[in-house]
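First the structure, in the form of C-alpha cells, and then the observations on it.
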Amino acid sequence: MKMSSTDEPKSTTVPHIVKEEVMAAGKWVKLEKTTYVDPAGNTRTWESVKRTTRQTTTEADGVGIIALLKRTLHKDCVVMVKQFRPPMGSFTLEFPAGLIDEGESAETAALRELKEETGYKGEVVGVTPVTCLDPGLSNCTTQMVLVNINGDDVENINPTQQLGEGEFVEVVLLPLDEFQTKIDELLKKEKIVVDAKVYIFAMGMVQAFFKPRELPVLKQ
C-alpha cells in the first residue's frame, strides 16, 4: 500500500532561532518576538520576556537561597521572605533571592543577597547548575544556593536587614521538619501566594523526613 503525501513522515530538523526582534522595552525587562524553526522544519514565532540586566560575565541571571538557620536547642529553620509583588498583586512567600552583579559568582551573590534581605551571615554548602525559571515565557535563569547559618554566632542573634530604597521584606522562619505544614497553615490565615520552588522543596522535605525507606505497595 502506497502512503499518501500526508502520511509520509516529515524529515526532522534541528530546532533553531532565526531572529529576535524587540517589540517593547523598559528599564528591567523587554518583550521580544522570536522567529524560530521547529523540529518539523516549520518557521514559527514566539513572544518572549527577557531581562535587560543580564550580565556578560555571569552564567545565570540571579540566585535563590535555601538558607538553613541552625541554633542550639532549636529546630533547624528555613529562612524565608515575605513581600508584596506588584505583578501578582499579592504578598508572596519566597526564598531570599536576587540578581547576580557583574563579575560576581553565584556564591558571592547569594551571601550578599542573604545579608541584605534577612540580615543573616551564612556559609555556602552547595550550588545547583544553571536552571530555567519559566521557559515558556522567559529565558531567565537562576542558580539555587544552599547556605547554612550559625544562629549562635553573635552576628546572627539579632540580624539587621540592609534593604535598599523601596524594598520592604519581612523575614519568616519556618521549621524544616514541619515546612509544608507551616506553609499550609500560613495559606489558610493569609492571602499569600507561595513560590513554586518553595512548595516543591516543601513536598520534597515531607518525603525525606517521613518516607525515606518506605517500599511502595501497589493497589491490586
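As shown in the C-alpha cells, the chain order sets the letters A, B, ...; within each chain, residues go from 1, and ligands are also counted from 1 in the order they appear.
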Find the residues of region 129-150 of chain A that sit at most 8 Å from region 112-123 of chain A; for each, write down the nearest two atoms and how far apart they are in Å, to one decimal. Count only C-alpha atoms. Sort by chain, then by number going up, and give it as a Markdown table.
```
| residue | atom | partner | partner_atom | distance |
| --- | --- | --- | --- | --- |
| A:Val147 | CA | A:Glu123 | CA | 5.3 |
| A:Asn148 | CA | A:Glu123 | CA | 5.3 |
| A:Ile149 | CA | A:Gly122 | CA | 4.4 |
| A:Asn150 | CA | A:Gly122 | CA | 6.9 |
```
Using DSSP assignments from the backbone, pull out every residue in region 23-132 of chain A that falls under strand (DSSP E or B) and give it to me as number ranges by chain.
A: 23-25, 29-37, 43-51, 62-70, 77-85, 90-94, 97-99, 123-127, 131-132
Go through region 5-194 of chain A and collect every residue that DSSP, computed from the backbone, puts in helix (DSSP H, G or I); the answer should be as number ranges by chain.
A: 106-118, 154-157, 176-189
For the selection you just gave me, I'd like the residues written to a file as an mmCIF file, in the first residue's frame, keeping C-alpha atoms.
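Output contents, as saved in part-v2.cif:
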```cif
data_model
loop_
_atom_site.group_PDB
_atom_site.id
_atom_site.type_symbol
_atom_site.label_atom_id
_atom_site.label_comp_id
_atom_site.auth_asym_id
_atom_site.auth_seq_id
_atom_site.Cartn_x
_atom_site.Cartn_y
_atom_site.Cartn_z
ATOM 1 C CA ALA A 106 26.650 32.660 42.431
ATOM 2 C CA GLU A 107 28.119 32.010 45.876
ATOM 3 C CA THR A 108 29.120 35.637 46.439
ATOM 4 C CA ALA A 109 25.787 36.946 45.180
ATOM 5 C CA ALA A 110 23.885 34.556 47.445
ATOM 6 C CA LEU A 111 25.721 35.622 50.603
ATOM 7 C CA ARG A 112 25.297 39.304 49.686
ATOM 8 C CA GLU A 113 21.572 38.973 48.975
ATOM 9 C CA LEU A 114 21.019 36.907 52.131
ATOM 10 C CA LYS A 115 22.686 39.601 54.226
ATOM 11 C CA GLU A 116 20.747 42.402 52.538
ATOM 12 C CA GLU A 117 17.297 40.783 52.679
ATOM 13 C CA THR A 118 17.483 38.956 56.021
ATOM 14 C CA VAL A 154 26.816 36.899 67.734
ATOM 15 C CA GLU A 155 26.238 38.495 64.321
ATOM 16 C CA ASN A 156 23.206 36.255 63.721
ATOM 17 C CA ILE A 157 21.454 36.602 67.085
ATOM 18 C CA LEU A 176 12.430 22.426 58.419
ATOM 19 C CA ASP A 177 10.695 19.288 59.739
ATOM 20 C CA GLU A 178 7.272 20.973 59.548
ATOM 21 C CA PHE A 179 7.941 23.085 56.492
ATOM 22 C CA GLN A 180 4.940 22.126 54.344
ATOM 23 C CA THR A 181 2.574 22.042 57.331
ATOM 24 C CA LYS A 182 3.562 25.569 58.376
ATOM 25 C CA ILE A 183 3.188 26.836 54.806
ATOM 26 C CA ASP A 184 -0.285 25.319 54.561
ATOM 27 C CA GLU A 185 -1.232 26.943 57.867
ATOM 28 C CA LEU A 186 0.007 30.298 56.589
ATOM 29 C CA LEU A 187 -2.042 29.913 53.398
ATOM 30 C CA LYS A 188 -5.180 29.407 55.483
ATOM 31 C CA LYS A 189 -4.538 32.502 57.588
#
```
May I have a table of the residues of region 80-114 of chain A lying at most 10 Å from region 172-175 of chain A, giving each one's closest pair of atoms and their distance in Å to one decimal, counting only C-alpha atoms, ordered by chain and ascending residue number, as CSV?
```
residue,atom,partner,partner_atom,distance
A:Met80,CA,A:Val172,CA,4.9
A:Val81,CA,A:Val172,CA,5.7
A:Lys82,CA,A:Val172,CA,6.9
A:Leu93,CA,A:Val172,CA,8.6
A:Glu94,CA,A:Val172,CA,9.5
A:Phe95,CA,A:Val172,CA,9.8
```
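Between CA of Arg54 (chain A) and CA of Asp101 (chain A) the separation is 9.0 Å.
Excluding Thr57 (chain A) itself and same-chain residues fewer than 3 positions from it, the residues having an atom within 12 Å of it are Thr53, Arg54, Ala60, Asp61, Ile100, Asp101, Glu102, Gly103, Glu104, Ser105 and Ala106 of chain A, counting only C-alpha atoms.
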